[in-house]
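These notes concern the structure reproduced below.
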Amino acid sequence: MVLQVTTANNIKVYTVSGGLGSRSIPDWLARQKKKTLKKDFEYRTRIELIQDFEFPEASNCIKTTRDGRFVVATGTYKPQMRVFEFADMSMKFERRTDAETLKFEILSDDWTKQALLQNDRSVELHAQGGIHYRTRIPKFGRDLAYHFPSCDLMLSASGSEVYRLNLDQGRFMNSIQTDAEDGVNCIEINPAHQLFGMGTANGTVELWDPRSKSRVGLLSNLEVPAAYGRDDNTVLEVSALKFRNDGLTMAVGTTTGHTLLYDLRSSVPTIVKDHQYGFPIKAIHFHTGITDGSDSETGGDKVIVADNKIVKIWNRSNGKHFTSIEPDTDINDITTVEDSGLIFTANEGIQMGAYFIPQLGPAPKWASFLENLTEELEENPNRDIYDEYKFVTRKELTALGLEHLMGTNVLKAYMHGFFLDLRLYEKARLIANPFAYEEYRERAIKEKIEKERGSRIRAVKELPSVNKSLAKQLMASEKDKKKTDKTELLSDNRFADLFADPEYEVDENSKEYQLLHPTTKQNRHIGSDDEEEEEEVVREVEEEADSDDSDRLEGDSDSEDDLVAKIRKERGLMVRDRKQTTASSIRTGGRPQNKRKPEMRMGTLGGKMTRKNDSKKSFESRLSNQNKRQSEGHKISRTAMGGMEMSFTPKTGKKMKRS
């Protein structure tokens with residue numbers, strides 16, 4: 001299995017349901033095409049935290065029960081309500097309705113009692129056994145809220161009135177008359193002191209006291225600064241409203257995609273956030289999560305805001321962005337599972353979304369395995385659709401000897417090349433180039449040496465390994481201070497492969513190059529000492545690599561690091577001797593004195609070898625020496641084959657007679 005992970009703002013968000021890996025497939029189709037689905041990668045790697053966590057077409061609204069054991073959602077088509085149990089991680093039951101549900105409210109601690117506001121002006125009250133009562137309101141409803149102390153069900157509609165349906169007495173009470181002529185879009189009850197908050201289509205927020213049923217506050221100047229993308233021509237309406245448990249913090253969402261955070265004691269917003277999409281805010285939630293060092297004062301409180309496209313999470317104290325969730329389909333509603341890191345979304349798709357953020361909060365008790373599951377599945381990243389194929393051009397196909405496969409199902413034509421199965425490509429490459437490992441090994445050794453050489457301090461710029469002549473010309477132009485576009489090629493990242501990839505190397509021996517550069521051959525000169533050193537190092541690396549291969553076959557277990565160290569040591573001694581020789585020649589004021597080597601010179605005296613200094617003497621001195629040797633009666637000479645001839649005349653002297 002593969003778990004889809006996104007890292008927005010370096011915060012990992014795991015998609016545990018509703019992503020690309022959890023595609024909805026009917027059961028009858030799964031049984032009918034079982035063999036075909038075995039080859040479907042998305043179906044084989046699907047992950048479903050809650051089984052059948054979906055609707056036939058789309059989901060409209062989703063909420064969790066106060067006891068934390070169930071999640072209730074409504075959707076279409078056909079209009080229905082589904083209840084899912086966390087303990088079994090599956091659907092408990094589904095219930096059809098006559099009309100599509102816009103909003104609903106859970107009246108009890110569990111799922112047994114609900115109030116549904118539908119799009120045909122009807123209000124349905126459901127009990128454990130099914131629908132209990134059905135009534136209608138004068139105008140089309142937009143939102144509802146339940147006041148527990150008085151058992152009043154507050155219903156906002158397209159008019160200025162907010163209807164009160166008392167569930168204890170079973171009749172409508174006096175309506176709340178607001179100043180919103182265009183209607184009340186949302187209604188919310190403060191959980192701390194039961195203050196009624198109503199967001200209107202006129203862009204105002206009215207606050208009403210539940211005891212006296214009178215208005216105690218009006219927030220009419222919802223000002224969004226121009227720096228946040230506020231356009232004076234757009235109509236500003238309140239689309240979402242939420243109170244925090246502390247009783248003082250209120251969040252207001254507008255139809256322009258802005259979220260304003262207020263303190264009830266002030267009419268000036270403390271924080272203004274922009275979603276930058278321009279869509280109305282759908283839902284707002286306050287979340288109490290993990291406390292870290294940055295938000296120790298607020299206890300890690302976050303604000304979760306959703307519009308049609310994205311869910312943004314930011315810090316309540318300073319408005320700093322935490323992370324974001326962007327599903328593939330439009331969002332209709334969101335909810336959190338207690339104060340955990342699990343978030344559910346209702347969207348315009350078959351699958352409802354489930355996202356787990358470990359840094360937002362821990363996993364819920366009924367899904368504690370998510371802590372380990374996300375770490376295990378994260379090690380196997382999601383494969384792309386083309387991971388099992390290799391793109392090759394026509395030239396590469398000919399080099400591999402697979403040009404005869406063109407026109408068959410093995411090759412899939414795409415743009416200027418073909419898609420080839422990766423396994424076939426690997427086999428063909430090994431057959432075409434059986435020495436690929438040796439080439440890779442030599443290349444790795446060279447790269448390691450070059451990397452270590454790069455850490456040295458050098459006064460002279462090193463030439464790249466590819467297109468040295470071109471780089472030398474560019475460096476020469478830089479020395480001449482000719483600031484042109486060509487001098488920036490060496491430092492431009494876009495042309496880095498030109499001096500690193502051997503495939504981009506210029507062939508100076510080709511006819512085309514010689515025709516374009518006729519003077520290149522005449523101006524070619526001997527490279528610098530650095531180039532000679534580099535060639536010498538490469539030659540030594542090749543020799544040492546061959547010797548290392550032979551030693552490995554004989555049982556030697558020297559590693560590549562030892563080989564590199566040995567080459568570096570020999571090369572260091574060589575360079576040091578060369579520097580010492582150069583320094584001594586500079587001190588003596590002349591060229592370095594080389595050791596005299598034996599020389600052999602051909603003479604002209606009957607194929608005999610003559611001495612080296614004889615050629616430098618005059619003819620008179622050479623003739624006198626020859627007569628002197630002849631008068632003495634002996635002669636020594638060397639032959640052309642390297643032998644020596646000696647002739648002498650024996651003499652009898654006075655000393656011989658005395659003896």
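Identifiers for the structure tokens are assigned positionally: chains receive A, B, ... in sequence, residues are indexed from 1 per chain, and ligands are indexed from 1 in the order shown.
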Spatial neighbours of segment 200-217 of chain A, 7 Å, only C-alpha atoms, chain gap at least 2 places, as a PyMOL selection string: chain A and resi 180+182-185+194-198+219-220+222+236-238
Strand (DSSP E or B) positions in segment 167-331 of chain A, given as an NGL selection string: :A and (171-177 or 184-189 or 196-200 or 205-209 or 214-219 or 238-243 or 249-254 or 258-263 or 271-274 or 283-288 or 301-306 or 311-315 or 321-325 or 331)
Distance of atom CA of Glu188 of chain A from atom CA of Asn221 of chain A, expressed in Å to one decimal place: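 Interatomic distance, atom CA of Asn221 of chain A to atom CA of Glu188 of chain A: 19.4 Å.
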Distance of atom CA of Phe104 of chain A from atom CA of Gly129 of chain A, expressed in Å to one decimal place: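 Result for atom CA of Gly129 of chain A versus atom CA of Phe104 of chain A: 17.5 Å, one decimal.
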Gap from atom CA of Lys468 of chain A to atom CA of Asp501 of chain A - Å, one decimal: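 Between atom CA of Lys468 of chain A and atom CA of Asp501 of chain A the gap works out to 12.3 Å.
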All residues 7 Å or closer to segment 417-427 of chain A, only C-alpha atoms, same chain fewer than 6 positions away omitted, as an MDAnalysis selection string: chainID A and resid 388:394 410:411
Arg96 of chain A surroundings by only C-alpha atoms, 10 Å radius, close-in-sequence under 2 positions cut, as number ranges by chain: A: 74-82, 94, 98-100, 130-131
Counting only C-alpha atoms, the option among A:Asp110, A:Glu439, A:Asp152, A:Glu645 closest to Gln169 of chain A: A:Asp152
Close residues, Pro138 of chain A itself excluded, 12 Å, only C-alpha atoms, min 3 positions apart in chain, as a JSON list (two decimals) with all heavy atoms, in the first residue's frame:
[["chain", "number", "residue", "atom", "x", "y", "z"],
["A", 120, "ASP", "N", -36.44, 22.53, 0.21],
["A", 120, "ASP", "CA", -37.83, 22.81, -0.20],
["A", 120, "ASP", "C", -38.61, 23.50, 0.92],
["A", 120, "ASP", "O", -39.82, 23.32, 1.04],
["A", 120, "ASP", "CB", -38.53, 21.52, -0.62],
["A", 120, "ASP", "CG", -38.60, 20.50, 0.50],
["A", 120, "ASP", "OD1", -37.89, 20.69, 1.51],
["A", 120, "ASP", "OD2", -39.36, 19.53, 0.37],
["A", 121, "ARG", "N", -37.89, 24.23, 1.80],
["A", 121, "ARG", "CA", -38.48, 24.97, 2.92],
["A", 121, "ARG", "C", -39.03, 24.06, 4.01],
["A", 121, "ARG", "O", -39.80, 24.49, 4.85],
["A", 121, "ARG", "CB", -39.60, 25.91, 2.45],
["A", 121, "ARG", "CG", -39.14, 27.00, 1.51],
["A", 121, "ARG", "CD", -40.21, 28.06, 1.28],
["A", 121, "ARG", "NE", -41.37, 27.53, 0.58],
["A", 121, "ARG", "CZ", -42.59, 27.41, 1.12],
["A", 121, "ARG", "NH1", -42.80, 27.79, 2.36],
["A", 121, "ARG", "NH2", -43.60, 26.93, 0.41],
["A", 122, "SER", "N", -38.65, 22.82, 4.01],
["A", 122, "SER", "CA", -39.15, 21.88, 5.02],
["A", 122, "SER", "C", -38.09, 21.62, 6.06],
["A", 122, "SER", "O", -36.88, 21.70, 5.79],
["A", 122, "SER", "CB", -39.57, 20.58, 4.35],
["A", 122, "SER", "OG", -38.47, 19.96, 3.72],
["A", 123, "VAL", "N", -38.58, 21.28, 7.28],
["A", 123, "VAL", "CA", -37.71, 20.93, 8.40],
["A", 123, "VAL", "C", -38.16, 19.56, 8.90],
["A", 123, "VAL", "O", -39.33, 19.38, 9.26],
["A", 123, "VAL", "CB", -37.79, 21.98, 9.53],
["A", 123, "VAL", "CG1", -36.90, 21.57, 10.69],
["A", 123, "VAL", "CG2", -37.39, 23.36, 9.01],
["A", 135, "THR", "N", -42.22, 19.66, 9.17],
["A", 135, "THR", "CA", -42.92, 20.93, 9.09],
["A", 135, "THR", "C", -42.23, 21.82, 8.06],
["A", 135, "THR", "O", -41.19, 21.44, 7.50],
["A", 135, "THR", "CB", -42.93, 21.63, 10.46],
["A", 135, "THR", "OG1", -43.72, 22.83, 10.37],
["A", 135, "THR", "CG2", -41.53, 21.97, 10.91],
["A", 141, "GLY", "N", -34.86, 28.25, 3.78],
["A", 141, "GLY", "CA", -33.89, 28.31, 4.88],
["A", 141, "GLY", "C", -32.45, 28.33, 4.39],
["A", 141, "GLY", "O", -32.12, 27.86, 3.29],
["A", 155, "LEU", "N", -33.88, 29.01, 13.08],
["A", 155, "LEU", "CA", -33.86, 28.78, 11.64],
["A", 155, "LEU", "C", -33.73, 30.12, 10.93],
["A", 155, "LEU", "O", -34.63, 30.97, 11.01],
["A", 155, "LEU", "CB", -35.13, 28.07, 11.18],
["A", 155, "LEU", "CG", -35.41, 26.71, 11.83],
["A", 155, "LEU", "CD1", -36.83, 26.26, 11.55],
["A", 155, "LEU", "CD2", -34.42, 25.69, 11.33],
["A", 156, "SER", "N", -32.60, 30.33, 10.24],
["A", 156, "SER", "CA", -32.42, 31.55, 9.45],
["A", 156, "SER", "C", -32.83, 31.28, 8.01],
["A", 156, "SER", "O", -32.65, 30.17, 7.49],
["A", 156, "SER", "CB", -30.95, 32.01, 9.50],
["A", 156, "SER", "OG", -30.11, 31.05, 8.89],
["A", 157, "ALA", "N", -33.39, 32.30, 7.35],
["A", 157, "ALA", "CA", -33.94, 32.13, 6.01],
["A", 157, "ALA", "C", -33.55, 33.31, 5.14],
["A", 157, "ALA", "O", -32.70, 34.15, 5.52],
["A", 157, "ALA", "CB", -35.46, 31.98, 6.08],
["A", 158, "SER", "N", -34.16, 33.36, 3.96],
["A", 158, "SER", "CA", -33.85, 34.42, 3.00],
["A", 158, "SER", "C", -34.50, 35.75, 3.36],
["A", 158, "SER", "O", -34.30, 36.73, 2.65],
["A", 158, "SER", "CB", -34.31, 34.00, 1.60],
["A", 158, "SER", "OG", -35.70, 33.71, 1.59],
["A", 159, "GLY", "N", -35.28, 35.82, 4.42],
["A", 159, "GLY", "CA", -35.89, 37.06, 4.87],
["A", 159, "GLY", "C", -35.17, 37.62, 6.07],
["A", 159, "GLY", "O", -34.13, 37.12, 6.52],
["A", 160, "SER", "N", -35.73, 38.65, 6.64],
["A", 160, "SER", "CA", -35.12, 39.32, 7.79],
["A", 160, "SER", "C", -35.45, 38.63, 9.11],
["A", 160, "SER", "O", -34.89, 38.99, 10.14],
["A", 160, "SER", "CB", -35.59, 40.78, 7.85],
["A", 160, "SER", "OG", -37.01, 40.85, 7.98],
["A", 161, "GLU", "N", -36.35, 37.65, 9.11],
["A", 161, "GLU", "CA", -36.76, 36.99, 10.34],
["A", 161, "GLU", "C", -35.94, 35.72, 10.57],
["A", 161, "GLU", "O", -35.55, 35.03, 9.63],
["A", 161, "GLU", "CB", -38.24, 36.62, 10.28],
["A", 161, "GLU", "CG", -39.18, 37.81, 10.25],
["A", 161, "GLU", "CD", -40.63, 37.39, 10.23],
["A", 161, "GLU", "OE1", -40.89, 36.20, 9.99],
["A", 161, "GLU", "OE2", -41.50, 38.25, 10.45],
["A", 162, "VAL", "N", -35.72, 35.44, 11.86],
["A", 162, "VAL", "CA", -35.10, 34.19, 12.30],
["A", 162, "VAL", "C", -36.17, 33.43, 13.08],
["A", 162, "VAL", "O", -36.62, 33.88, 14.15],
["A", 162, "VAL", "CB", -33.85, 34.45, 13.16],
["A", 162, "VAL", "CG1", -33.30, 33.14, 13.70],
["A", 162, "VAL", "CG2", -32.79, 35.20, 12.37],
["A", 163, "TYR", "N", -36.60, 32.30, 12.54],
["A", 163, "TYR", "CA", -37.71, 31.54, 13.13],
["A", 163, "TYR", "C", -37.22, 30.72, 14.30],
["A", 163, "TYR", "O", -36.12, 30.14, 14.28],
["A", 163, "TYR", "CB", -38.35, 30.64, 12.07],
["A", 163, "TYR", "CG", -38.76, 31.38, 10.82],
["A", 163, "TYR", "CD1", -38.03, 31.26, 9.63],
["A", 163, "TYR", "CD2", -39.87, 32.22, 10.82],
["A", 163, "TYR", "CE1", -38.39, 31.94, 8.49],
["A", 163, "TYR", "CE2", -40.25, 32.91, 9.68],
["A", 163, "TYR", "CZ", -39.50, 32.77, 8.52],
["A", 163, "TYR", "OH", -39.87, 33.45, 7.39],
["A", 172, "PHE", "N", -44.13, 27.06, 17.00],
["A", 172, "PHE", "CA", -43.25, 28.18, 16.66],
["A", 172, "PHE", "C", -43.45, 29.31, 17.68],
["A", 172, "PHE", "O", -44.58, 29.65, 18.01],
["A", 172, "PHE", "CB", -43.55, 28.71, 15.26],
["A", 172, "PHE", "CG", -42.95, 27.87, 14.16],
["A", 172, "PHE", "CD1", -43.71, 26.91, 13.52],
["A", 172, "PHE", "CD2", -41.63, 28.04, 13.78],
["A", 172, "PHE", "CE1", -43.17, 26.13, 12.52],
["A", 172, "PHE", "CE2", -41.09, 27.27, 12.78],
["A", 172, "PHE", "CZ", -41.84, 26.31, 12.14],
["A", 175, "SER", "N", -40.73, 35.22, 16.28],
["A", 175, "SER", "CA", -39.50, 35.27, 15.50],
["A", 175, "SER", "C", -38.63, 36.45, 15.94],
["A", 175, "SER", "O", -39.11, 37.42, 16.54],
["A", 175, "SER", "CB", -39.83, 35.41, 14.01],
["A", 175, "SER", "OG", -40.60, 34.31, 13.57]]
